[in-house]
Every structure is written in C-alpha cells, then in structure tokens.
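Participant: Just one file: target_27.csv, with CSV, C-alpha atoms.
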```csv
chain,number,residue,atom,x,y,z
A,2,MET,CA,43.8,51.5,-23.3
A,3,ARG,CA,43.7,47.9,-22.6
A,4,ARG,CA,44.7,47.2,-19.1
A,5,ILE,CA,44.8,50.3,-17.1
A,6,VAL,CA,43.0,48.8,-14.3
A,7,ILE,CA,45.8,47.6,-12.2
A,8,TRP,CA,44.8,49.4,-9.1
A,9,LEU,CA,45.4,47.1,-6.4
A,10,ALA,CA,48.6,46.9,-4.6
A,11,SER,CA,50.4,47.8,-7.8
A,12,THR,CA,53.8,47.5,-6.4
A,13,VAL,CA,55.5,48.4,-9.6
A,14,THR,CA,59.0,48.3,-8.5
A,15,VAL,CA,61.1,48.1,-11.5
A,16,VAL,CA,60.7,48.8,-15.2
A,17,VAL,CA,63.5,47.5,-17.1
A,18,LEU,CA,63.6,48.5,-20.6
A,19,LEU,CA,66.1,46.3,-22.3
A,20,LEU,CA,67.1,48.2,-25.3
A,21,GLY,CA,70.2,46.9,-26.8
A,22,TYR,CA,71.9,50.1,-27.5
A,23,HIS,CA,74.1,51.1,-24.7
A,24,THR,CA,76.2,53.6,-26.4
A,25,SER,CA,73.7,55.5,-28.2
A,26,THR,CA,75.3,57.8,-30.7
A,27,SER,CA,77.1,55.5,-33.0
A,28,SER,CA,76.6,54.7,-36.7
A,29,THR,CA,73.7,55.8,-38.7
A,30,ALA,CA,72.0,57.8,-36.0
A,31,THR,CA,69.8,59.8,-38.2
A,32,ALA,CA,70.0,63.1,-36.5
A,33,ALA,CA,66.5,63.8,-35.5
A,34,GLY,CA,65.4,61.2,-33.1
A,35,SER,CA,68.6,60.3,-31.5
A,36,SER,CA,68.7,63.0,-28.9
A,37,SER,CA,65.4,62.0,-27.5
A,38,THR,CA,66.5,58.4,-27.3
A,39,ALA,CA,68.5,57.9,-24.2
A,40,PRO,CA,66.1,55.4,-22.6
A,41,ALA,CA,67.4,52.1,-21.5
A,42,ALA,CA,68.8,52.8,-18.1
A,43,PRO,CA,66.9,50.5,-15.8
A,44,SER,CA,65.0,52.9,-13.8
A,45,THR,CA,61.5,53.8,-12.9
A,46,THR,CA,59.1,56.0,-14.6
A,47,SER,CA,61.4,58.0,-16.6
A,48,SER,CA,62.5,55.3,-18.9
A,49,ALA,CA,59.8,56.1,-21.3
A,50,SER,CA,61.6,57.8,-24.1
A,51,GLY,CA,61.4,61.4,-24.9
A,52,PRO,CA,59.2,64.0,-23.5
A,53,PRO,CA,55.9,62.2,-23.0
A,54,THR,CA,52.6,63.6,-23.9
A,55,PRO,CA,49.8,62.7,-21.6
A,56,SER,CA,46.7,61.4,-23.2
A,57,SER,CA,43.5,61.3,-21.3
A,58,GLY,CA,42.9,58.4,-19.1
A,59,THR,CA,39.7,56.5,-19.5
A,60,SER,CA,38.9,55.9,-15.9
A,61,GLY,CA,39.7,57.8,-12.9
A,62,SER,CA,39.1,61.4,-12.2
A,63,SER,CA,40.9,64.0,-14.1
A,64,GLY,CA,42.7,65.5,-11.3
A,65,SER,CA,46.3,66.1,-12.2
A,66,SER,CA,47.9,63.8,-9.7
A,67,SER,CA,45.3,61.2,-9.2
A,68,GLY,CA,43.5,58.8,-11.5
A,69,THR,CA,44.9,56.9,-14.4
A,70,LYS,CA,46.8,58.5,-17.2
A,71,THR,CA,48.6,57.1,-20.1
A,72,TRP,CA,51.7,58.7,-21.4
A,73,THR,CA,52.9,58.0,-24.8
A,74,GLY,CA,56.6,58.7,-25.5
A,75,ASP,CA,57.8,60.1,-28.7
A,76,VAL,CA,58.9,57.7,-31.3
A,77,ALA,CA,62.6,57.4,-30.8
A,78,SER,CA,64.6,56.7,-33.9
A,79,THR,CA,67.2,54.1,-33.1
A,80,ARG,CA,69.6,52.7,-35.5
A,81,TRP,CA,67.4,49.7,-35.7
A,82,GLY,CA,64.2,51.5,-36.3
A,83,PRO,CA,61.5,53.3,-34.4
A,84,VAL,CA,60.8,52.5,-30.8
A,85,GLN,CA,57.9,53.9,-28.9
A,86,VAL,CA,56.8,53.2,-25.4
A,87,SER,CA,53.8,54.2,-23.4
A,88,ILE,CA,53.3,54.0,-19.7
A,89,THR,CA,50.2,54.0,-17.6
A,90,VAL,CA,50.3,55.9,-14.4
A,91,THR,CA,47.8,55.4,-11.6
A,92,ASP,CA,47.9,57.6,-8.6
A,93,GLY,CA,51.5,58.6,-9.3
A,94,LYS,CA,52.7,55.0,-9.8
A,95,VAL,CA,53.6,53.3,-13.1
A,96,THR,CA,51.1,50.6,-13.5
A,97,GLY,CA,51.8,49.5,-17.0
A,98,VAL,CA,54.1,49.7,-19.9
A,99,ASP,CA,53.4,49.0,-23.5
A,100,VAL,CA,55.8,48.9,-26.3
A,101,LEU,CA,53.8,50.4,-29.1
A,102,ARG,CA,56.4,50.2,-31.7
A,103,SER,CA,59.6,48.2,-32.0
A,104,PRO,CA,61.8,47.5,-34.9
A,105,ASP,CA,60.8,44.7,-37.1
A,106,GLY,CA,61.1,43.4,-40.6
A,107,ASN,CA,64.6,42.1,-41.3
A,108,PRO,CA,66.8,39.6,-39.6
A,109,ARG,CA,68.9,42.2,-37.9
A,110,ASP,CA,65.8,43.9,-36.6
A,111,THR,CA,64.4,40.7,-35.4
A,112,GLU,CA,67.5,40.1,-33.4
A,113,ILE,CA,67.4,43.6,-31.9
A,114,ASN,CA,63.7,43.3,-31.2
A,115,ALA,CA,64.4,40.1,-29.3
A,116,ARG,CA,66.9,42.0,-27.3
A,117,ALA,CA,64.7,45.0,-26.9
A,118,LEU,CA,62.0,43.0,-25.3
A,119,PRO,CA,60.7,42.1,-22.8
A,120,VAL,CA,59.8,45.1,-20.8
A,121,LEU,CA,59.3,43.7,-17.3
A,122,VAL,CA,56.5,45.3,-15.4
A,123,ARG,CA,56.6,44.0,-12.0
A,124,GLU,CA,53.2,43.9,-10.5
A,125,THR,CA,51.7,41.8,-7.8
A,126,ILE,CA,48.2,41.8,-8.8
A,127,GLU,CA,45.1,39.7,-9.1
A,128,ALA,CA,45.6,38.1,-12.4
A,129,GLN,CA,42.1,38.9,-13.4
A,130,SER,CA,42.9,42.6,-13.3
A,131,ALA,CA,45.8,42.3,-15.6
A,132,LYS,CA,45.0,42.1,-19.2
A,133,ILE,CA,47.0,39.1,-20.2
A,134,ASP,CA,46.9,36.8,-23.2
A,135,MET,CA,48.9,33.9,-21.8
A,136,VAL,CA,50.5,32.7,-18.6
A,137,SER,CA,54.0,31.4,-18.1
A,138,GLY,CA,54.2,29.2,-15.1
A,139,ALA,CA,55.1,25.8,-13.7
A,140,THR,CA,51.7,24.5,-14.7
A,141,VAL,CA,53.2,21.4,-16.1
A,142,THR,CA,50.4,18.9,-15.8
A,143,SER,CA,47.0,18.7,-17.3
A,144,ASP,CA,45.7,18.2,-13.7
A,145,GLY,CA,47.2,21.4,-12.6
A,146,TYR,CA,45.7,23.1,-15.7
A,147,LEU,CA,42.2,22.6,-14.5
A,148,THR,CA,42.6,25.1,-11.7
A,149,SER,CA,45.0,27.4,-13.5
A,150,LEU,CA,44.7,30.9,-14.7
A,151,GLN,CA,45.5,29.8,-18.2
A,152,SER,CA,42.4,27.6,-18.3
A,153,ALA,CA,40.4,30.6,-17.2
A,154,LEU,CA,41.8,32.6,-20.1
A,155,ASP,CA,41.2,29.8,-22.6
A,156,GLN,CA,37.6,29.4,-21.4
A,157,ALA,CA,36.9,33.1,-21.5
A,158,GLY,CA,38.2,33.2,-25.0
A,159,ILE,CA,39.4,36.7,-24.7
B,9,MET,CA,47.0,55.3,-27.0
B,10,PRO,CA,46.8,54.3,-30.6
B,11,THR,CA,43.9,52.0,-30.6
B,12,THR,CA,43.8,50.4,-33.9
B,13,ALA,CA,41.2,47.9,-33.0
B,14,ALA,CA,42.9,44.7,-32.0
B,15,PRO,CA,42.0,41.9,-34.4
B,16,GLU,CA,39.9,39.2,-32.9
B,17,LEU,CA,41.6,36.5,-30.8
B,18,ARG,CA,40.9,32.9,-31.4
B,19,ARG,CA,42.0,30.3,-28.8
B,20,TYR,CA,42.7,26.6,-29.1
B,21,VAL,CA,43.4,24.2,-26.3
B,22,ALA,CA,44.4,20.5,-26.3
B,23,HIS,CA,46.3,18.2,-24.1
B,24,VAL,CA,49.3,16.1,-25.0
B,25,MET,CA,52.4,14.8,-23.1
B,26,GLY,CA,50.4,15.2,-19.9
B,27,MET,CA,50.3,19.0,-20.3
B,28,PRO,CA,47.9,21.6,-21.7
B,29,ILE,CA,48.8,23.2,-25.0
B,30,SER,CA,47.2,26.6,-25.4
B,31,LEU,CA,47.3,28.6,-28.6
B,32,ALA,CA,46.1,32.2,-29.3
B,33,LEU,CA,45.9,33.4,-32.8
B,34,ARG,CA,44.9,36.7,-34.3
B,35,GLY,CA,45.1,38.2,-37.7
B,36,ASP,CA,44.4,37.0,-41.2
B,37,HIS,CA,44.3,33.2,-40.4
B,38,ALA,CA,43.2,33.1,-36.8
B,39,ASP,CA,40.0,31.2,-37.5
B,40,ASP,CA,40.0,29.5,-40.8
B,41,GLU,CA,41.1,26.3,-42.5
B,42,HIS,CA,44.8,27.4,-42.5
B,43,ALA,CA,44.6,28.0,-38.8
B,44,ARG,CA,43.1,24.7,-38.1
B,45,ARG,CA,45.6,22.9,-40.3
B,46,ALA,CA,48.5,24.6,-38.6
B,47,TRP,CA,47.1,23.8,-35.1
B,48,ALA,CA,46.6,20.2,-36.1
B,49,ALA,CA,50.2,20.1,-37.4
B,50,VAL,CA,51.4,21.4,-34.0
B,51,MET,CA,49.5,18.8,-32.1
B,52,ASP,CA,50.5,16.0,-34.4
B,53,GLU,CA,54.1,16.9,-34.0
B,54,LEU,CA,53.8,17.1,-30.2
B,55,ALA,CA,52.1,13.7,-30.1
B,56,GLU,CA,54.9,12.2,-32.2
B,57,VAL,CA,57.4,13.8,-29.8
B,58,ASP,CA,55.5,12.1,-26.9
B,59,ARG,CA,55.7,8.7,-28.6
B,60,VAL,CA,59.5,9.1,-28.9
B,61,PHE,CA,60.4,10.8,-25.6
B,62,SER,CA,57.7,9.9,-23.0
B,63,THR,CA,59.1,8.4,-19.9
B,64,TYR,CA,55.6,7.3,-19.0
B,65,ARG,CA,55.1,5.2,-22.1
B,66,PRO,CA,56.9,1.8,-21.9
B,67,ASP,CA,57.0,1.6,-25.6
B,68,SER,CA,58.6,5.0,-26.2
B,69,VAL,CA,62.1,5.2,-27.7
B,70,VAL,CA,63.4,6.8,-24.6
B,71,SER,CA,61.9,4.0,-22.4
B,72,ARG,CA,63.5,1.4,-24.6
B,73,LEU,CA,66.8,3.2,-24.5
B,74,GLY,CA,66.5,3.3,-20.7
B,75,ARG,CA,66.0,-0.5,-20.6
B,76,GLY,CA,68.8,-1.1,-22.9
B,77,GLU,CA,66.5,-2.6,-25.5
B,78,LEU,CA,67.5,-0.1,-28.1
B,79,ASP,CA,71.0,1.1,-29.1
B,80,LEU,CA,71.5,4.8,-29.1
B,81,ALA,CA,73.0,4.5,-32.6
B,82,ASP,CA,69.6,3.2,-33.8
B,83,ALA,CA,67.6,6.0,-32.2
B,84,PRO,CA,65.9,8.6,-34.3
B,85,VAL,CA,67.8,11.8,-35.2
B,86,GLU,CA,65.6,13.8,-32.8
B,87,VAL,CA,66.9,11.8,-29.9
B,88,HIS,CA,70.5,12.7,-30.8
B,89,GLU,CA,69.5,16.3,-31.2
B,90,VAL,CA,68.0,16.5,-27.8
B,91,LEU,CA,70.9,14.6,-26.2
B,92,ALA,CA,73.3,17.1,-27.7
B,93,LEU,CA,71.3,20.0,-26.1
B,94,ALA,CA,71.2,18.1,-22.8
B,95,ARG,CA,75.0,17.5,-22.8
B,96,ARG,CA,75.7,21.2,-23.5
B,97,ALA,CA,73.3,22.2,-20.7
B,98,GLU,CA,74.8,19.8,-18.3
B,99,ARG,CA,78.3,21.2,-19.0
B,100,GLU,CA,77.2,24.8,-18.8
B,101,SER,CA,75.3,24.3,-15.5
B,102,GLY,CA,78.1,22.5,-13.8
B,103,GLY,CA,76.0,19.4,-13.7
B,104,ALA,CA,73.0,20.8,-11.9
B,105,PHE,CA,71.0,20.1,-15.0
B,106,SER,CA,71.2,16.6,-16.4
B,107,VAL,CA,69.1,14.0,-18.2
B,108,ASP,CA,70.7,11.3,-16.1
B,109,LEU,CA,68.9,12.0,-12.8
B,110,PRO,CA,69.6,10.3,-9.5
B,111,VAL,CA,66.7,8.0,-8.7
B,112,GLY,CA,66.6,9.2,-5.1
B,113,PRO,CA,68.4,9.3,-1.8
B,114,THR,CA,67.4,5.7,-1.1
B,115,SER,CA,69.2,4.4,-4.2
B,116,PRO,CA,72.6,6.1,-4.3
B,117,GLY,CA,74.4,5.8,-7.5
B,118,VAL,CA,71.4,4.7,-9.5
B,119,ARG,CA,70.3,7.1,-12.2
B,120,ARG,CA,67.5,7.2,-14.6
B,121,PHE,CA,67.4,8.6,-18.1
B,122,ASP,CA,64.9,11.4,-18.3
B,123,PRO,CA,65.2,14.0,-21.1
B,124,SER,CA,62.0,15.8,-20.1
B,125,GLY,CA,63.9,18.9,-19.0
B,126,VAL,CA,64.9,19.5,-22.6
B,127,VAL,CA,62.1,18.1,-24.6
B,128,LYS,CA,59.2,20.4,-23.7
B,129,GLY,CA,60.7,23.7,-24.8
B,130,TRP,CA,62.5,22.1,-27.7
B,131,ALA,CA,59.3,20.4,-29.0
B,132,ALA,CA,57.2,23.5,-28.6
B,133,ASP,CA,59.8,25.7,-30.2
B,134,ARG,CA,60.0,23.3,-33.2
B,135,ALA,CA,56.3,22.9,-33.5
B,136,SER,CA,55.7,26.6,-33.6
B,137,ARG,CA,57.1,26.8,-37.1
B,138,HIS,CA,53.7,25.7,-38.3
B,139,LEU,CA,52.2,28.8,-36.8
B,140,ALA,CA,55.0,31.1,-38.0
B,141,ALA,CA,54.1,30.0,-41.5
B,142,LEU,CA,50.6,31.5,-41.2
B,143,ALA,CA,50.9,34.8,-43.1
B,144,GLY,CA,49.6,37.9,-41.5
B,145,THR,CA,48.9,36.1,-38.3
B,146,ASP,CA,50.2,36.6,-34.8
B,147,PHE,CA,50.5,33.5,-32.6
B,148,CYS,CA,51.2,32.8,-28.9
B,149,LEU,CA,51.7,29.2,-28.0
B,150,SER,CA,52.0,27.8,-24.5
B,151,ALA,CA,53.2,24.3,-23.8
B,152,GLY,CA,52.6,23.7,-20.2
B,153,GLY,CA,53.4,27.2,-19.3
B,154,ASP,CA,56.4,27.6,-21.6
B,155,VAL,CA,55.5,30.3,-24.1
B,156,VAL,CA,56.7,31.2,-27.6
B,157,CYS,CA,55.1,34.0,-29.6
B,158,ARG,CA,55.3,36.4,-32.4
B,159,SER,CA,53.3,39.5,-33.2
B,160,ALA,CA,53.4,42.1,-35.9
B,161,ARG,CA,50.8,44.1,-34.1
B,162,GLN,CA,50.6,45.0,-30.4
B,163,PRO,CA,52.7,42.8,-28.1
B,164,TRP,CA,51.3,39.7,-26.5
B,165,ARG,CA,51.0,40.2,-22.8
B,166,ILE,CA,52.3,37.3,-20.8
B,167,GLY,CA,51.6,37.0,-17.1
B,168,ILE,CA,54.2,35.3,-15.0
B,169,GLU,CA,52.5,33.0,-12.5
B,170,ASP,CA,53.1,33.6,-8.8
B,171,PRO,CA,54.7,30.3,-7.6
B,172,HIS,CA,52.9,30.7,-4.3
B,173,ASP,CA,49.5,31.4,-5.8
B,174,PRO,CA,48.6,30.3,-9.3
B,175,ALA,CA,45.7,32.7,-9.3
B,176,ARG,CA,48.1,35.6,-9.3
B,177,VAL,CA,50.8,36.9,-11.5
B,178,VAL,CA,54.1,38.4,-10.2
B,179,ALA,CA,54.8,40.2,-13.5
B,180,VAL,CA,53.4,41.0,-16.8
B,181,VAL,CA,55.6,41.1,-19.8
B,182,PRO,CA,54.7,42.6,-23.2
B,183,LEU,CA,56.4,40.4,-25.8
B,184,ARG,CA,56.3,40.8,-29.5
B,185,ARG,CA,58.7,38.0,-30.4
B,186,GLY,CA,60.5,35.6,-28.3
B,187,ALA,CA,60.1,33.0,-25.6
B,188,ILE,CA,59.4,32.7,-21.9
B,189,ALA,CA,59.9,29.6,-19.8
B,190,THR,CA,59.2,29.1,-16.1
B,191,SER,CA,60.5,26.4,-13.9
B,192,GLY,CA,59.3,25.7,-10.4
B,193,THR,CA,57.3,23.3,-8.4
B,194,ALA,CA,54.0,25.0,-8.3
B,195,HIS,CA,52.0,22.2,-9.7
B,196,ARG,CA,54.0,19.1,-9.2
B,197,GLY,CA,55.5,19.1,-5.8
B,198,ALA,CA,59.2,18.7,-5.3
B,199,HIS,CA,59.8,17.0,-8.7
B,200,LEU,CA,62.7,19.0,-10.1
B,201,VAL,CA,65.9,18.1,-8.5
B,202,ASP,CA,69.5,19.2,-8.6
B,203,ALA,CA,71.1,16.4,-10.6
B,204,ARG,CA,74.3,16.6,-8.6
B,205,THR,CA,72.5,15.7,-5.3
B,206,GLY,CA,69.1,14.3,-6.3
B,207,LEU,CA,67.6,16.7,-3.9
B,208,ALA,CA,65.1,19.5,-4.5
B,209,PRO,CA,66.9,22.8,-4.8
B,210,GLU,CA,66.7,25.3,-2.0
B,211,GLY,CA,66.3,29.1,-2.0
B,212,VAL,CA,64.2,29.4,-5.1
B,213,ALA,CA,60.5,29.1,-5.8
B,214,SER,CA,60.5,29.7,-9.5
B,215,VAL,CA,62.7,30.9,-12.3
B,216,THR,CA,61.4,32.6,-15.5
B,217,VAL,CA,63.7,33.1,-18.4
B,218,PHE,CA,63.1,35.4,-21.4
B,219,GLY,CA,65.0,34.7,-24.5
B,220,PRO,CA,64.9,34.4,-28.3
B,221,SER,CA,64.6,30.6,-28.3
B,222,LEU,CA,62.2,28.6,-26.2
B,223,THR,CA,64.5,25.6,-26.4
B,224,TRP,CA,67.1,27.5,-24.4
B,225,ALA,CA,64.8,29.5,-22.3
B,226,ASP,CA,63.3,26.3,-21.0
B,227,ILE,CA,66.7,24.6,-20.5
B,228,ASP,CA,68.1,27.7,-18.7
B,229,ALA,CA,65.1,28.1,-16.5
B,230,THR,CA,65.3,24.4,-15.5
B,231,ALA,CA,69.0,24.5,-14.9
B,232,ALA,CA,68.8,27.8,-13.0
B,233,TYR,CA,66.1,26.4,-10.8
B,234,ALA,CA,68.2,23.3,-10.1
B,235,LEU,CA,71.0,25.6,-9.0
B,236,GLY,CA,68.8,26.9,-6.2
B,237,THR,CA,70.3,29.9,-4.5
B,238,GLY,CA,72.8,30.2,-7.3
B,239,ALA,CA,70.1,30.7,-9.9
B,240,ALA,CA,70.3,34.5,-10.4
B,241,ALA,CA,74.1,34.6,-10.4
B,242,TRP,CA,74.3,31.8,-13.0
B,243,LEU,CA,71.6,33.4,-15.2
B,244,ARG,CA,73.7,36.6,-15.3
B,245,THR,CA,76.3,34.7,-17.3
B,246,ARG,CA,73.8,33.2,-19.7
B,247,PRO,CA,72.8,34.5,-23.2
B,248,VAL,CA,69.3,35.2,-22.0
B,249,ASP,CA,67.4,38.5,-22.6
B,250,SER,CA,66.4,38.7,-18.9
B,251,ALA,CA,65.1,36.6,-16.1
B,252,LEU,CA,63.0,36.7,-13.0
B,253,VAL,CA,63.9,34.6,-9.9
B,254,VAL,CA,61.2,34.3,-7.2
B,255,ALA,CA,62.5,33.3,-3.8
B,256,PRO,CA,60.6,31.2,-1.3
B,257,ASP,CA,59.8,34.3,0.7
B,258,GLY,CA,58.4,36.0,-2.4
B,259,THR,CA,61.3,38.3,-3.1
B,260,ILE,CA,61.8,38.8,-6.8
B,261,THR,CA,65.1,39.3,-8.4
B,262,THR,CA,65.3,40.7,-11.9
B,263,VAL,CA,68.3,39.4,-13.8
B,264,VAL,CA,69.9,41.2,-16.7
B,265,PRO,CA,72.9,39.5,-18.0
B,266,THR,CA,76.2,41.2,-17.8
B,267,ALA,CA,77.4,40.1,-21.2
```
Written as structure tokens, how would this file's structure read?
Facilitator:
Amino acid sequence: MRRIVIWLASTVTVVVLLLGYHTSTSSTATAAGSSSTAPAAPSTTSSASGPPTPSSGTSGSSGSSSGTKTWTGDVASTRWGPVQVSITVTDGKVTGVDVLRSPDGNPRDTEINARALPVLVRETIEAQSAKIDMVSGATVTSDGYLTSLQSALDQAGI
Amino acid sequence: MPTTAAPELRRYVAHVMGMPISLALRGDHADDEHARRAWAAVMDELAEVDRVFSTYRPDSVVSRLGRGELDLADAPVEVHEVLALARRAERESGGAFSVDLPVGPTSPGVRRFDPSGVVKGWAADRASRHLAALAGTDFCLSAGGDVVCRSARQPWRIGIEDPHDPARVVAVVPLRRGAIATSGTAHRGAHLVDARTGLAPEGVASVTVFGPSLTWADIDATAAYALGTGAAAWLRTRPVDSALVVAPDGTITTVVPTA
C-alpha cells in the first residue's frame, strides 16, 4: 500500500497496459488462467485482469463508493509467465496501478517483460504525493538539479 | 496488497558531465563494499566518457576532432560506436537529429560537431552493467533525468517531470526493467534544435520514451523532440515500448507504436 495518497486532481485519464500478447489464445496457453487473461486493451479501470478482489484500503472511510481501495487482480497465466496487476481506486477513480508480478527469469521473458511494461498511469499531481523512486525529466544540468525533484528524493533518502 | 517489506533503499548522488547522476539500490548489495565499488566503477566510466566526448573541454577527443587536430581514424573505438549510432538516428529521423548541428541563424551553413545527443544515454546504459553485476540487487540509475533500471522485486516507480513545472510529475510509471528518457527544454532554455533548421522545435514541450535500451530511448526522445509537432507520429513508427508527448499547452499524448 505504498502510494495510495494521490488524492488531488487525480486526472487519471488513461491506463495503458502494454502486454505483448494481442492474440491471446495461441501456443502453450495452459488452460487455467488464460480465460481470465484478456487484459491489454487500452482502457480505463477494467484493464486489471480477471475478477478483482478488493482489499481493504488503509485510508479513507470504508463506504463502498468513497475512500481508497486497492483491487488486486488474479494472477493471469500468460504464455510468458504469471502477470498480476493491482489498481488503487480513490473515490471511484483509478489513482494508481501496480504490476505485482510480471514474467522474469530467462531471455525470452526479459524481452516480454520489457514489452509488458511500462504501465502508464497518467496523473497530474504534486510530485510529493506520488510515491516515486526516480524522476525522468529534462534536468540536464547540475544547476537545474539543485531545484529539482530528484534532488529532493536523493536528500530524503527514501 | 502483498507487502513483503520492501528492502531498504540506498541512494548515491554525484555529478559528472555537468549533470547529476542519481543511483538507488536495494537488495543484497545496496550498501556494502560491492555497492560502493560498482558505484565507483559507474562514475569512473562516466568521467572517462566525459574526457573523450565533452564539448566543453578543449582537450577532449571530440574537441580535437572538431578542430581538425585529430583524425577520425585515430579516434578511440567508442567515438566510432557513437558516430555509428548518430548516423543511424540521423537517417531514421529524416535529419532532424544530427550530431552536426547548425551553429545558429546568424551563421548559415556553419555546423559544429556535437555528439551530446547520443552520448548521455549511451554512456549511462553502458555504465549500468556494473550495477547489473550486483547479485540480488535492484538498481535504478538516472543520468541527468535519463533512467535505466532493473528490479526483481516490486517495480521502480518513475515520475515523469512536468515540463512546465519541475515540482510536478505528469505521469508515474512502474518499471521493472527498461529505460526511460526525456527530452525537453525545462532546464536549459531553447538548447535543443531541429538539425535541419537550427531552430528550436515548435509544438512540443517534452518527449518521454520508454524502451528496452536507454541508448535508443534517449536518441528517440531527442530526435522526436527535434521533430516538434511531428513527434508523436514519428514515435509510432519506432521500436519503442511507448512514449509520452507533452505539448506546450499541457496536452499529453500517449504513443503506442503501431508495429
């Protein structure tokens, strides 16, 4: 439950889950998971795979349509390995997406993993409210760095 | 949410090539002798790259090439490698990206040799192998805002800077393995130019590219930025994972290649 707190102006417009498998059913498709797979289509909320099960939100009231909840999708078996996604919903809007599991381990998986990510979560938010590890930006110079968000992260050491 | 407690994060920062290098490590060798040795190897390598490629150092290989004091045939192999990348990028961007840049509108026809558009991503990509060699350790390395990372645990979360307000991010990207490069003018004025015209591109505030290699993410971000209003259309034809284009009015276009 790391960065639920993306309250403000969370204009989450698009969640693009770039999973490389367009035509789902081919090859090894080990029966079980494949039916719950069907994610991928660029869309909003529903791109979390499978029937999600809500887990309790840490903050926010427990009313059913308000507050913050995290939904963890089932583990979807893809031909490249298990994929699991969770989404965080605040007041009915998707405010975060985490990829909990993605294929890893051999060169083929690595390639697919690279295709599978990133999940873009578009948020216009105060950077402080987003739990981020690093910043990509045009902060090219050391001068610019002094006032940059990255420098704040480095100093905070978190 | 499965909360296996995240291993402690250790951060390192240093400056080289006029830009900040930020490193985050977590896992088995985040804060030990191996980590410090790998970090030192990264910084040593970037310092060496600076000695070869800096356009600010009069004694760099690139400066000497530019003045005609050194023959290209005698240049180190790294210079040839970077030039090959640059030529390919120039070809594939229709000339918007180039390492032979117009000096400016006041000196038509005069061009200067500046491989900076290739060197940053390439150098960080290459140097990151020292971090990849740390067993059981996740790394996230940023060279002046260009990021390459790897994680066997939870994904790194990369914020994409708002070109209009560096205190904000326009997107957050969970990334387990791969690279992110952003080109824009947020911190250095109208420095990046369209190599065909020598002018700052119009219709784009920043371009962020996600891809498997930082070398190409950086080149593609820079080339797309140079293309201005054509950025998103061009990126759709590129072998990138995805991209974000922020327009001057703040509109964000998400690009997913058609290929």
Participant: Taking all atoms listed in the file into account and nothing else, which residues of chain B lie no more than 6 Å away from chain A? Please answer as a ChimeraX atom specification.
Facilitator: /B:26-28,152-154,165-169,175-181,183,190-192,194-195,220,249
Participant: Please report the interatomic distance between CA of Ser250 (chain B) and CA of His138 (chain B) in Å with one decimal.
Facilitator: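 Interatomic distance, CA of Ser250 (chain B) to CA of His138 (chain B): 26.6 Å.
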Participant: State, in Å with one decimal place, the distance from CA of His37 (chain B) to CA of Arg158 (chain B).
Facilitator: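 Computing it gives 14.0 Å between the two atoms.
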Participant: In Å to one decimal, how far is CA of Ser62 (chain B) from CA of Met25 (chain B)?
Facilitator: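 That distance, rounded to one decimal, is 7.2 Å.
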Participant: For Pro256 (chain B), please output as an NGL selection string all residues within 9 Å (counting only C-alpha atoms; exclusion window: fewer than 6 positions along the same chain).
Facilitator: :B and (171-172 or 210-214)
Participant: Name the residues within 12 Å of (70.7, 33.4, -17.1), counting all atoms listed in the file in the file's coordinates, and put them as a ChimeraX atom specification.
Facilitator: /B:100-101,189,215-219,224-233,235,238-253,261-267
Participant: Next, the residues of the selection above should be written as an mmCIF file, keeping the file's coordinate frame with C-alpha atoms.
Facilitator:
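Done, and the output landed in out.cif:
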```cif
data_model
loop_
_atom_site.group_PDB
_atom_site.id
_atom_site.type_symbol
_atom_site.label_atom_id
_atom_site.label_comp_id
_atom_site.auth_asym_id
_atom_site.auth_seq_id
_atom_site.Cartn_x
_atom_site.Cartn_y
_atom_site.Cartn_z
ATOM 1 C CA GLU B 100 77.200 24.800 -18.800
ATOM 2 C CA SER B 101 75.300 24.300 -15.500
ATOM 3 C CA ALA B 189 59.900 29.600 -19.800
ATOM 4 C CA VAL B 215 62.700 30.900 -12.300
ATOM 5 C CA THR B 216 61.400 32.600 -15.500
ATOM 6 C CA VAL B 217 63.700 33.100 -18.400
ATOM 7 C CA PHE B 218 63.100 35.400 -21.400
ATOM 8 C CA GLY B 219 65.000 34.700 -24.500
ATOM 9 C CA TRP B 224 67.100 27.500 -24.400
ATOM 10 C CA ALA B 225 64.800 29.500 -22.300
ATOM 11 C CA ASP B 226 63.300 26.300 -21.000
ATOM 12 C CA ILE B 227 66.700 24.600 -20.500
ATOM 13 C CA ASP B 228 68.100 27.700 -18.700
ATOM 14 C CA ALA B 229 65.100 28.100 -16.500
ATOM 15 C CA THR B 230 65.300 24.400 -15.500
ATOM 16 C CA ALA B 231 69.000 24.500 -14.900
ATOM 17 C CA ALA B 232 68.800 27.800 -13.000
ATOM 18 C CA TYR B 233 66.100 26.400 -10.800
ATOM 19 C CA LEU B 235 71.000 25.600 -9.000
ATOM 20 C CA GLY B 238 72.800 30.200 -7.300
ATOM 21 C CA ALA B 239 70.100 30.700 -9.900
ATOM 22 C CA ALA B 240 70.300 34.500 -10.400
ATOM 23 C CA ALA B 241 74.100 34.600 -10.400
ATOM 24 C CA TRP B 242 74.300 31.800 -13.000
ATOM 25 C CA LEU B 243 71.600 33.400 -15.200
ATOM 26 C CA ARG B 244 73.700 36.600 -15.300
ATOM 27 C CA THR B 245 76.300 34.700 -17.300
ATOM 28 C CA ARG B 246 73.800 33.200 -19.700
ATOM 29 C CA PRO B 247 72.800 34.500 -23.200
ATOM 30 C CA VAL B 248 69.300 35.200 -22.000
ATOM 31 C CA ASP B 249 67.400 38.500 -22.600
ATOM 32 C CA SER B 250 66.400 38.700 -18.900
ATOM 33 C CA ALA B 251 65.100 36.600 -16.100
ATOM 34 C CA LEU B 252 63.000 36.700 -13.000
ATOM 35 C CA VAL B 253 63.900 34.600 -9.900
ATOM 36 C CA THR B 261 65.100 39.300 -8.400
ATOM 37 C CA THR B 262 65.300 40.700 -11.900
ATOM 38 C CA VAL B 263 68.300 39.400 -13.800
ATOM 39 C CA VAL B 264 69.900 41.200 -16.700
ATOM 40 C CA PRO B 265 72.900 39.500 -18.000
ATOM 41 C CA THR B 266 76.200 41.200 -17.800
ATOM 42 C CA ALA B 267 77.400 40.100 -21.200
#
```
Participant: Can you find the residues with an atom no farther than 10 Å from (66.1, 18.9, -31.3), counting only C-alpha atoms, and report them as a ChimeraX atom specification?
Facilitator: /B:85-94,126-127,129-131,133-134,223
Participant: Pick the closest to His42 (chain B) from B:Arg59, B:Ala81, B:Ile188, B:Leu139: which is it, counting only C-alpha atoms?
Facilitator: B:Leu139
Participant: Taking all atoms listed in the file into account, which of B:Val69, B:Ile29, B:Ala46, B:Ala208 comes nearest Ala234 (chain B)?
Facilitator: B:Ala208
